[in-house]
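Chemist: The structure under discussion is supplied below as structure tokens; questions concerning it will follow.
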Number of protein chains: 2
Amino acid sequence: MFKLSVMRTCCAIFMLCFMFHINSLSVCAQTHLPVIPLPATAVQGAGNLLVDHGLQVVFEGYTEPRLERARTRFFDTLSRETGILEVPAPPFKEEKFVIKTTGPSATVQQLGEDESYHLEISTTGALLTAPNPLGVLHGLQTFLQLVHSTPEGYAVAAVTIDDKPRFPWRGLMIDAGRHFMPLDIIRQNLNGMEAVKMNVFHWHLSEDQGFRIESKTFPLLQEKGSDGLYYTQDQVRGILEYARDRGIRVVPEFDMPGHATSWFVGYPNLASGSGPYQIERHWGVFDPAMDPSRESTYQFLDQFIGEMTALFPDSYFHIGGDECNGKEWDANPRIKQYMQTHHIQDDAALQAYFTGRVQKLVTKRHKITVGWDEVLQPDTPHDVVIQSWRGQDSLAEAARRGYRGILSSGYYVDLNQSAADHYAVDPLVNSTVALSPAQEANILGGEATMWTEFVSPENVNSRIWPRTAAIAERLWSARDVKDINSMYQRLDTLSQKLAYYGLPYQSASEQMLRRLSGYNDPTALQILASVVQPPRDYAREGLKPYDAFSSLNRLVDMVPPESDKAREFNEVASRIATGKTVFGDWQKARQWLVLWRDNDAVLQPSLVKSALTVELVPLSRNLSQAATIGLFALDALQNSLPVSAETRKKQLSELKGFEKPEAVLVNMILPGVEVLVQAARAH
Amino acid sequence: MFKLSVMRTCCAIFMLCFMFHINSLSVCAQTHLPVIPLPATAVQGAGNLLVDHGLQVVFEGYTEPRLERARTRFFDTLSRETGILEVPAPPFKEEKFVIKTTGPSATVQQLGEDESYHLEISTTGALLTAPNPLGVLHGLQTFLQLVHSTPEGYAVAAVTIDDKPRFPWRGLMIDAGRHFMPLDIIRQNLNGMEAVKMNVFHWHLSEDQGFRIESKTFPLLQEKGSDGLYYTQDQVRGILEYARDRGIRVVPEFDMPGHATSWFVGYPNLASGSGPYQIERHWGVFDPAMDPSRESTYQFLDQFIGEMTALFPDSYFHIGGDECNGKEWDANPRIKQYMQTHHIQDDAALQAYFTGRVQKLVTKRHKITVGWDEVLQPDTPHDVVIQSWRGQDSLAEAARRGYRGILSSGYYVDLNQSAADHYAVDPLVNSTVALSPAQEANILGGEATMWTEFVSPENVNSRIWPRTAAIAERLWSARDVKDINSMYQRLDTLSQKLAYYGLPYQSASEQMLRRLSGYNDPTALQILASVVQPPRDYAREGLKPYDAFSSLNRLVDMVPPESDKAREFNEVASRIATGKTVFGDWQKARQWLVLWRDNDAVLQPSLVKSALTVELVPLSRNLSQAATIGLFALDALQNSLPVSAETRKKQLSELKGFEKPEAVLVNMILPGVEVLVQAARAH
């Protein structure tokens, strides 16, 4: 329990806000609110509400057990976030946090339900109103993120927020097929999603490498297709409740007709080839595909979809549909014959036929089909929702044709792109297809997608977070909220708080680094780790062979997908090169370059002691050499010394050489160093 | 699954072992084994056993479900410890880890059961033999601790170990009364206990501040005495199974006749005062005590003990008995009258009478009574076990009189003493009472005791660990194992691995520091945190008022009870002062002192921004000033410069001033700085 009391001094958060016009105030307040995603509107109040023992959270109007549980969770989180013990039966304060809810939300959470809330914080209390519990859940998260430390104690600055999402579908997909993700991981991600107001958990449950859910109708699916790593239906029901408590829908995906090898281990007759099939142990696109030519396939799927749609209450049901290469179809004379008989021109048309049949089975269960880009064919029914991995054009084209869609292209968090890259991708912007407002409304939102070839339960959270929060903001906040610096600043705070929000991903990475350093002082390894990154996009596969047996315990598996330190250095270098330095830039650049130059000497002796670190020898050496070049350029710039063309050329060529990934890692300070070398030329 | 394969190069661990005599080899191998507690005997083999995918662990002889679960847990831990994924159905290697068990252990784990094991690791496989599953559990932990990184991959050095404990009672007590400790915390500590082969979890379940277990017979105990914070009987049964799986007995304690206020909230007639009673919210020794003069008290306790002895299967049952001040007895005329009638001389005799009656109730349930020192009176029955908080003399005196006893004095991990302090306390050494071998056998072992006035679930693990591992070694390993440097070295490795053994205490402290730094760069705060400690023993209570409502979220609550950095600095300073430096000492001392001197300037601006850090202003400033003095002395010593008596006096007096705790924290580098200043005088 926490105390509310009055603090009349103005909060530092708003110190920069001197404008008097309401709109300006609102924008300024927003930008400085330590909240991600930024609310639709926020107007600064005066003073602070102190948070301590004895806070009462009181419901007025409609209530339900889910709201009671949300209150308990709110206090738990507040207690972790502040270290203020939850004290039994303290003397309550007069100031209250009042929550008014008009009525219930839908029994099964629906796409497009009202998620808005109004949050008013003053020095004497707080008021949260919402038409239904979904808004309450969001408002509580906003309150929690607003809590910060002040000279008077923990407090929330007075503010009035009116908030609602821009898009109704704000999702995170986790692939539990390639690497099984235990329930703890799923729950932790639902915690993270709640913190940033995401509302769709897309659970990718079957893959070539594993069938991850218990079927009571077809038990060989999990018995032969999962290595014992699957969710029981009871566990799934637990996750469904857990998600609903957090305002999150759960959309299951069963990928078909391709990406389905694991189904065929137990049920080879479903497949188009002759079998027998084994669980796939490699990554990539494989030949096995369901047989669209046999009625038994649809009978099987009818029963299976019946079972799964009964288990998952959501109105949407994802049937995958991506990357079926058709090779098994082409190789099967019976299927070729079938295509001829039914006037099916090619594999694409065969897949369209299959999708059409399956879509009817889904409709029969009163669900709406979702599928990847490939399911969109000339006669695809208009209630099918298209999830686009191909891009905004493909999505807009679908919307123009009257299909609803969600964007995932640009939100693939497994590709080691930066938060800024994801943040820049807007489902409604940058398409070459012109859309009417009505057509724009067909674009429901987007989903961050976590494919799991290169992650294990140990590091998956550090790949999804914190960058997914930038995607969450893109999907929740206004189109014109796009200040990258503000986003990074708020992302940094959030990422440090996520452990208290139930997602302890940082400590896992730190522990992995300790392990990699053989439990010796990990400082030098940390310094190296802080400026390297796994290569972007699909480059990793080409650098080293990986399969399902590969351990993911090397440096590449523990560094964040985005180096904050290198980003900061590259910005400093760019300011130095363009003569736009701010205070401290020169000193910072020098300090870091010296640190990186000297780190190799400290680190090298230990690297050869372990099979897992010996591959880092060139990476560490190259960092040192790049830093040496950077220091040379910095000296030249600072002292306006001439640099000969020959030296410059040699240095640039050396830097070029360091761009080659070592140990599947890229040195991220190279752009900054190159900028310095190039600038030194100008003098 | 993990692969065993052969590595013929000799392991670095044994590089320092050049002796050929078997005994010397054994001692040397032991000292360098990265295992805590050190085994009884260990003989080095040649080469390494590589650990990778595909290791088979095969049971021969007796097996049981507990052993199967232990194998699963072994693979889980090995996977976390190495980052080697547990791969389903890999191609198995020929080399095997064979476990041979002769037969079962007792249905209910008994004091003094055979816990020995024999572990033989060669380049071609491993063999673990034990008379019963208890030894297997211990041997698996030894194997896990032996795993380390080599240039060829993860490996275990070839070795033959014969091991068994010195004492049969190696316990950890956790006080769940003062601050309730959730099930997760209990399980994490059982994980830690298993890792260091402790075998008794002593669960302190009732206190003035809380009654922490469900009674079905007397439900008002938990309903009125716990603020809702108690363990259900189902949860307790879960913990009992969890502990048994790890070779750990669970001894419950119900403290009586004192420390029992929480019982009286629901059942005031049990008490000697007139009531009504409230849950106690302060710390200390309080007046409320059970009424020994009423038969109804014993009728209540008979039923209660009946219920609890049925729930807890262990043969031992702890009735507390400590710190009853007798004031309620003295103030109650009816009790005074009762004493007169029954010729009871004084309060001590009255407590003895009470204990005697309760002990009969325990015996009636076929259990053996355990109690704190106070229960030992002239006519205490000889099967009562005495737990000594008073010291080795008191314990030895009990043993001389034929009582069995366990030592806790010296093992109070709540008192912020060093691991070395605890390590130096031997249950059989330093007593002034001479004992025969038979009498020595009465001393069963000891228990680390974690009282919880000043800890919450957030930081309790960092108070118990890693120091409790030093106590575990004292109780398991031979009497002559007492090399402090070796202990600290092995403790350091263990403490970094504990997260993988299921006890993630370091990350919790790190996260608390991030919170305290307001999610800004915590480096400067970490530097301060690394050289300060809470004051030892009971000093904390005097420095600041605390009660059950106090939040434990300040720096004092997150720094470890023992500063490793300060210990290292003080050792370096001492070597410098005595002219016995080793390579790097001068440089280290200078680097650290400069770091500490300059840290204050970085840290000060942020300290005043939070109510939780403003108290650190003088602490940080004093550290800087002490470091400045240290640097002055270091300069004088290194350059043989004279220091005037006046300067020296002034510096020593300044240092004296810094000894006063600030923010309930003590600056631990002061002894080292003083040593330098004193040494500078000599020149």
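Ligands are numbered from 1 in the order shown, residues from 1 within each chain, and chains are lettered A, B, ... in the order they appear in the structure tokens.
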Find the residues near Ser477 (chain A): any atom within 7 Å, counting only C-alpha atoms, skip ones fewer than 5 places away on the same chain, and give them as a PyMOL selection string.
Modeler: chain A and resi 37-40+165-166
Chemist: Using the selection just defined, write its residues with C-alpha atoms as a CSV table (one decimal), in the first residue's frame.
Modeler:
chain,number,residue,atom,x,y,z
A,37,PRO,CA,4.3,4.9,-25.9
A,38,LEU,CA,3.6,8.6,-25.7
A,39,PRO,CA,-0.1,9.3,-24.9
A,40,ALA,CA,-2.4,11.1,-27.4
A,165,PRO,CA,-4.4,4.0,-29.6
A,166,ARG,CA,-3.9,4.9,-33.2
Chemist: Can you pull out the residues contacting region 648-651 of chain B? Cut-off 10 Å, using only C-alpha atoms, and skip same-chain residues under 6 positions away; I want them as a PyMOL selection string.
Modeler: chain B and resi 625-626+629-630+632-633+657+673-674+677-678+680-681
Chemist: I need the chain A residues near chain B as a PDB file with N, CA and C atoms, in the first residue's frame; criterion: at most 8 Å, counting only C-alpha atoms.
Modeler:
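Dumped to out19.pdb:
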ATOM      1  N   GLU A  81       9.145  -1.259  -8.198  1.00  0.00           N
ATOM      2  CA  GLU A  81       9.669  -0.091  -8.897  1.00  0.00           C
ATOM      3  C   GLU A  81      10.264   0.929  -7.931  1.00  0.00           C
ATOM      4  N   THR A  82       9.799   0.924  -6.706  1.00  0.00           N
ATOM      5  CA  THR A  82      10.229   1.933  -5.732  1.00  0.00           C
ATOM      6  C   THR A  82      11.010   1.327  -4.576  1.00  0.00           C
ATOM      7  N   GLY A  83      10.866   0.023  -4.384  1.00  0.00           N
ATOM      8  CA  GLY A  83      11.449  -0.579  -3.191  1.00  0.00           C
ATOM      9  C   GLY A  83      10.663  -0.250  -1.935  1.00  0.00           C
ATOM     10  N   ILE A  84       9.525   0.401  -2.106  1.00  0.00           N
ATOM     11  CA  ILE A  84       8.677   0.678  -0.939  1.00  0.00           C
ATOM     12  C   ILE A  84       7.919  -0.598  -0.615  1.00  0.00           C
ATOM     13  N   LEU A  85       8.154  -1.128   0.560  1.00  0.00           N
ATOM     14  CA  LEU A  85       7.522  -2.387   0.939  1.00  0.00           C
ATOM     15  C   LEU A  85       6.013  -2.258   0.898  1.00  0.00           C
ATOM     16  N   VAL A  87       3.113  -2.676   2.718  1.00  0.00           N
ATOM     17  CA  VAL A  87       2.941  -2.844   4.150  1.00  0.00           C
ATOM     18  C   VAL A  87       1.497  -3.224   4.444  1.00  0.00           C
ATOM     19  N   PRO A  88       1.310  -4.279   5.227  1.00  0.00           N
ATOM     20  CA  PRO A  88      -0.048  -4.662   5.584  1.00  0.00           C
ATOM     21  C   PRO A  88      -0.682  -3.608   6.482  1.00  0.00           C
ATOM     22  N   ALA A  89      -1.926  -3.281   6.176  1.00  0.00           N
ATOM     23  CA  ALA A  89      -2.756  -2.453   7.040  1.00  0.00           C
ATOM     24  C   ALA A  89      -2.065  -1.221   7.618  1.00  0.00           C
ATOM     25  N   PRO A  90      -1.539  -0.357   6.755  1.00  0.00           N
ATOM     26  CA  PRO A  90      -0.948   0.873   7.286  1.00  0.00           C
ATOM     27  C   PRO A  90      -2.065   1.887   7.535  1.00  0.00           C
ATOM     28  N   HIS A 148       8.654   8.407 -10.468  1.00  0.00           N
ATOM     29  CA  HIS A 148      10.097   8.613 -10.499  1.00  0.00           C
ATOM     30  C   HIS A 148      10.554   9.196  -9.163  1.00  0.00           C
ATOM     31  N   SER A 149      11.848   9.206  -8.996  1.00  0.00           N
ATOM     32  CA  SER A 149      12.440   9.623  -7.732  1.00  0.00           C
ATOM     33  C   SER A 149      12.619  11.141  -7.713  1.00  0.00           C
ATOM     34  N   THR A 150      12.285  11.779  -6.589  1.00  0.00           N
ATOM     35  CA  THR A 150      12.478  13.226  -6.444  1.00  0.00           C
ATOM     36  C   THR A 150      13.153  13.487  -5.104  1.00  0.00           C
ATOM     37  N   PRO A 151      13.595  14.732  -4.884  1.00  0.00           N
ATOM     38  CA  PRO A 151      14.210  15.030  -3.576  1.00  0.00           C
ATOM     39  C   PRO A 151      13.246  14.795  -2.415  1.00  0.00           C
ATOM     40  N   GLU A 152      11.938  14.791  -2.693  1.00  0.00           N
ATOM     41  CA  GLU A 152      10.967  14.562  -1.618  1.00  0.00           C
ATOM     42  C   GLU A 152      10.557  13.092  -1.517  1.00  0.00           C
ATOM     43  N   GLY A 153      10.985  12.280  -2.424  1.00  0.00           N
ATOM     44  CA  GLY A 153      10.589  10.872  -2.409  1.00  0.00           C
ATOM     45  C   GLY A 153      10.022  10.485  -3.774  1.00  0.00           C
ATOM     46  N   TYR A 154       9.520   9.276  -3.879  1.00  0.00           N
ATOM     47  CA  TYR A 154       8.904   8.872  -5.147  1.00  0.00           C
ATOM     48  C   TYR A 154       7.644   9.682  -5.403  1.00  0.00           C
ATOM     49  N   ASP A 227       9.736 -33.440 -29.634  1.00  0.00           N
ATOM     50  CA  ASP A 227      10.793 -33.810 -28.685  1.00  0.00           C
ATOM     51  C   ASP A 227      10.321 -33.641 -27.240  1.00  0.00           C
ATOM     52  N   SER A 456      17.700 -18.650 -28.001  1.00  0.00           N
ATOM     53  CA  SER A 456      17.244 -19.675 -27.079  1.00  0.00           C
ATOM     54  C   SER A 456      16.425 -18.968 -25.993  1.00  0.00           C
ATOM     55  N   THR A 493      15.202   4.377 -20.315  1.00  0.00           N
ATOM     56  CA  THR A 493      14.607   4.287 -18.980  1.00  0.00           C
ATOM     57  C   THR A 493      13.718   3.055 -18.884  1.00  0.00           C
ATOM     58  N   GLN A 496      15.561  -0.198 -18.465  1.00  0.00           N
ATOM     59  CA  GLN A 496      16.082  -0.441 -17.118  1.00  0.00           C
ATOM     60  C   GLN A 496      14.978  -0.803 -16.135  1.00  0.00           C
ATOM     61  N   LYS A 497      13.763  -0.347 -16.426  1.00  0.00           N
ATOM     62  CA  LYS A 497      12.650  -0.651 -15.520  1.00  0.00           C
ATOM     63  C   LYS A 497      11.974  -1.984 -15.841  1.00  0.00           C
ATOM     64  N   ALA A 499      12.692  -4.979 -15.803  1.00  0.00           N
ATOM     65  CA  ALA A 499      12.804  -6.056 -14.815  1.00  0.00           C
ATOM     66  C   ALA A 499      11.712  -5.918 -13.765  1.00  0.00           C
ATOM     67  N   SER A 507      19.593  -8.736 -16.792  1.00  0.00           N
ATOM     68  CA  SER A 507      20.416  -9.553 -15.900  1.00  0.00           C
ATOM     69  C   SER A 507      20.826 -10.851 -16.583  1.00  0.00           C
ATOM     70  N   GLN A 511      24.660 -12.021 -16.885  1.00  0.00           N
ATOM     71  CA  GLN A 511      25.092 -13.319 -16.363  1.00  0.00           C
ATOM     72  C   GLN A 511      25.787 -14.127 -17.464  1.00  0.00           C
ATOM     73  N   ARG A 514      29.299 -12.923 -17.737  1.00  0.00           N
ATOM     74  CA  ARG A 514      30.126 -13.449 -16.640  1.00  0.00           C
ATOM     75  C   ARG A 514      30.557 -14.875 -16.960  1.00  0.00           C
ATOM     76  N   ARG A 515      29.624 -15.640 -17.471  1.00  0.00           N
ATOM     77  CA  ARG A 515      29.943 -17.022 -17.811  1.00  0.00           C
ATOM     78  C   ARG A 515      31.001 -17.067 -18.901  1.00  0.00           C
ATOM     79  N   GLY A 518      34.473 -16.727 -17.946  1.00  0.00           N
ATOM     80  CA  GLY A 518      35.001 -17.769 -17.067  1.00  0.00           C
ATOM     81  C   GLY A 518      35.006 -17.340 -15.616  1.00  0.00           C
ATOM     82  N   TYR A 519      34.081 -16.454 -15.278  1.00  0.00           N
ATOM     83  CA  TYR A 519      33.940 -15.969 -13.903  1.00  0.00           C
ATOM     84  C   TYR A 519      35.167 -15.206 -13.418  1.00  0.00           C
ATOM     85  N   ALA A 548      19.715 -26.755 -35.301  1.00  0.00           N
ATOM     86  CA  ALA A 548      18.988 -26.817 -34.031  1.00  0.00           C
ATOM     87  C   ALA A 548      19.860 -27.340 -32.887  1.00  0.00           C
ATOM     88  N   PHE A 549      21.008 -27.961 -33.219  1.00  0.00           N
ATOM     89  CA  PHE A 549      21.904 -28.458 -32.186  1.00  0.00           C
ATOM     90  C   PHE A 549      22.920 -27.405 -31.737  1.00  0.00           C
ATOM     91  N   SER A 550      23.007 -26.291 -32.454  1.00  0.00           N
ATOM     92  CA  SER A 550      24.029 -25.294 -32.135  1.00  0.00           C
ATOM     93  C   SER A 550      23.745 -24.622 -30.791  1.00  0.00           C
ATOM     94  N   SER A 551      24.754 -24.579 -29.950  1.00  0.00           N
ATOM     95  CA  SER A 551      24.612 -23.839 -28.706  1.00  0.00           C
ATOM     96  C   SER A 551      24.716 -22.355 -29.016  1.00  0.00           C
ATOM     97  N   LEU A 552      23.955 -21.573 -28.289  1.00  0.00           N
ATOM     98  CA  LEU A 552      23.944 -20.125 -28.520  1.00  0.00           C
ATOM     99  C   LEU A 552      24.543 -19.459 -27.295  1.00  0.00           C
ATOM    100  N   ASN A 553      25.844 -19.695 -27.117  1.00  0.00           N
ATOM    101  CA  ASN A 553      26.501 -19.243 -25.891  1.00  0.00           C
ATOM    102  C   ASN A 553      27.780 -18.448 -26.166  1.00  0.00           C
ATOM    103  N   VAL A 608      42.282 -16.617 -25.168  1.00  0.00           N
ATOM    104  CA  VAL A 608      42.718 -17.933 -25.654  1.00  0.00           C
ATOM    105  C   VAL A 608      42.443 -19.047 -24.641  1.00  0.00           C
ATOM    106  N   LYS A 609      41.993 -18.677 -23.467  1.00  0.00           N
ATOM    107  CA  LYS A 609      41.780 -19.702 -22.446  1.00  0.00           C
ATOM    108  C   LYS A 609      40.489 -20.484 -22.640  1.00  0.00           C
ATOM    109  N   SER A 610      39.621 -19.977 -23.476  1.00  0.00           N
ATOM    110  CA  SER A 610      38.338 -20.652 -23.637  1.00  0.00           C
ATOM    111  C   SER A 610      38.002 -20.828 -25.109  1.00  0.00           C
ATOM    112  N   ALA A 611      37.475 -21.994 -25.422  1.00  0.00           N
ATOM    113  CA  ALA A 611      37.081 -22.282 -26.801  1.00  0.00           C
ATOM    114  C   ALA A 611      36.020 -21.304 -27.284  1.00  0.00           C
ATOM    115  N   LEU A 612      35.283 -20.702 -26.339  1.00  0.00           N
ATOM    116  CA  LEU A 612      34.202 -19.812 -26.729  1.00  0.00           C
ATOM    117  C   LEU A 612      34.683 -18.396 -26.994  1.00  0.00           C
ATOM    118  N   VAL A 614      38.125 -17.668 -28.044  1.00  0.00           N
ATOM    119  CA  VAL A 614      39.314 -17.582 -28.890  1.00  0.00           C
ATOM    120  C   VAL A 614      38.967 -16.918 -30.226  1.00  0.00           C
TER     121      VAL A 614
END
Chemist: Please identify which residues in region 112-178 of chain A DSSP calls strand (DSSP E) from the backbone, and express them as an MDAnalysis selection string.
Modeler: chainID A and resid 117:122 125:130 148:150 153:163 169:175
Chemist: For the selection just defined, write its residues with N, CA and C atoms to a file, as a compact mmCIF listing (two decimals), in the first residue's frame.
Modeler:
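Result file follows (selection_11.txt):
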# COMPACT_ATOMS: atom_id res chain seq x y z
N TYR A 117 -8.58 5.88 -22.21
CA TYR A 117 -8.65 6.19 -20.77
C TYR A 117 -8.32 7.66 -20.58
N HIS A 118 -8.72 8.16 -19.42
CA HIS A 118 -8.45 9.53 -19.03
C HIS A 118 -7.78 9.45 -17.66
N LEU A 119 -6.59 10.05 -17.55
CA LEU A 119 -5.85 9.97 -16.28
C LEU A 119 -5.52 11.37 -15.81
N GLU A 120 -5.95 11.67 -14.58
CA GLU A 120 -5.78 13.02 -14.04
C GLU A 120 -5.01 12.88 -12.75
N ILE A 121 -3.82 13.45 -12.72
CA ILE A 121 -3.04 13.37 -11.49
C ILE A 121 -2.84 14.77 -10.97
N SER A 122 -3.22 14.96 -9.69
CA SER A 122 -3.02 16.26 -9.06
C SER A 122 -2.28 16.04 -7.76
N GLY A 125 -4.46 13.76 -5.38
CA GLY A 125 -4.97 12.44 -5.70
C GLY A 125 -4.87 12.15 -7.18
N ALA A 126 -5.45 11.03 -7.56
CA ALA A 126 -5.43 10.65 -8.97
C ALA A 126 -6.78 10.08 -9.35
N LEU A 127 -7.15 10.32 -10.60
CA LEU A 127 -8.42 9.81 -11.10
C LEU A 127 -8.17 9.16 -12.46
N LEU A 128 -8.62 7.94 -12.57
CA LEU A 128 -8.50 7.22 -13.84
C LEU A 128 -9.89 6.80 -14.28
N THR A 129 -10.32 7.30 -15.43
CA THR A 129 -11.64 6.87 -15.92
C THR A 129 -11.46 6.21 -17.28
N ALA A 130 -12.33 5.22 -17.51
CA ALA A 130 -12.28 4.51 -18.78
C ALA A 130 -13.62 3.86 -19.02
N HIS A 148 8.65 8.41 -10.47
CA HIS A 148 10.10 8.61 -10.50
C HIS A 148 10.55 9.20 -9.16
N SER A 149 11.85 9.21 -9.00
CA SER A 149 12.44 9.62 -7.73
C SER A 149 12.62 11.14 -7.71
N THR A 150 12.28 11.78 -6.59
CA THR A 150 12.48 13.23 -6.44
C THR A 150 13.15 13.49 -5.10
N GLY A 153 10.98 12.28 -2.42
CA GLY A 153 10.59 10.87 -2.41
C GLY A 153 10.02 10.49 -3.77
N TYR A 154 9.52 9.28 -3.88
CA TYR A 154 8.90 8.87 -5.15
C TYR A 154 7.64 9.68 -5.40
N ALA A 155 7.42 10.06 -6.66
CA ALA A 155 6.31 10.94 -6.98
C ALA A 155 5.89 10.77 -8.43
N VAL A 156 4.68 11.29 -8.70
CA VAL A 156 4.19 11.40 -10.08
C VAL A 156 3.84 12.86 -10.29
N ALA A 157 4.33 13.44 -11.37
CA ALA A 157 4.05 14.85 -11.65
C ALA A 157 2.59 15.01 -12.05
N ALA A 158 1.99 16.13 -11.60
CA ALA A 158 0.59 16.41 -11.96
C ALA A 158 0.45 16.54 -13.46
N VAL A 159 -0.56 15.90 -14.00
CA VAL A 159 -0.72 15.87 -15.45
C VAL A 159 -2.14 15.38 -15.75
N THR A 160 -2.67 15.82 -16.88
CA THR A 160 -3.94 15.28 -17.34
C THR A 160 -3.73 14.66 -18.71
N ILE A 161 -4.04 13.40 -18.79
CA ILE A 161 -3.77 12.64 -20.01
C ILE A 161 -5.08 12.11 -20.59
N ASP A 162 -5.26 12.33 -21.88
CA ASP A 162 -6.34 11.64 -22.59
C ASP A 162 -5.69 10.81 -23.66
N ASP A 163 -5.99 9.54 -23.63
CA ASP A 163 -5.17 8.64 -24.43
C ASP A 163 -6.01 7.56 -25.08
N TRP A 169 -4.62 -3.03 -33.77
CA TRP A 169 -3.90 -4.33 -33.73
C TRP A 169 -2.42 -4.02 -33.50
N ARG A 170 -1.96 -4.26 -32.26
CA ARG A 170 -0.57 -3.95 -31.91
C ARG A 170 0.03 -5.23 -31.31
N GLY A 171 0.73 -5.96 -32.16
CA GLY A 171 1.06 -7.31 -31.77
C GLY A 171 2.54 -7.63 -31.63
N LEU A 172 2.77 -8.75 -30.98
CA LEU A 172 4.10 -9.36 -30.93
C LEU A 172 3.93 -10.83 -31.28
N MET A 173 4.68 -11.28 -32.28
CA MET A 173 4.67 -12.70 -32.60
C MET A 173 5.92 -13.37 -32.04
N ILE A 174 5.74 -14.51 -31.38
CA ILE A 174 6.89 -15.31 -30.96
C ILE A 174 6.78 -16.68 -31.61
N ASP A 175 7.88 -17.06 -32.24
CA ASP A 175 7.99 -18.37 -32.89
C ASP A 175 8.45 -19.38 -31.84
Chemist: Find the residues around region 418-428 of chain B up to 10 Å (only C-alpha atoms counted), leave out those fewer than 6 positions away in its own chain, and share them as a count of residues only.
Modeler: 48
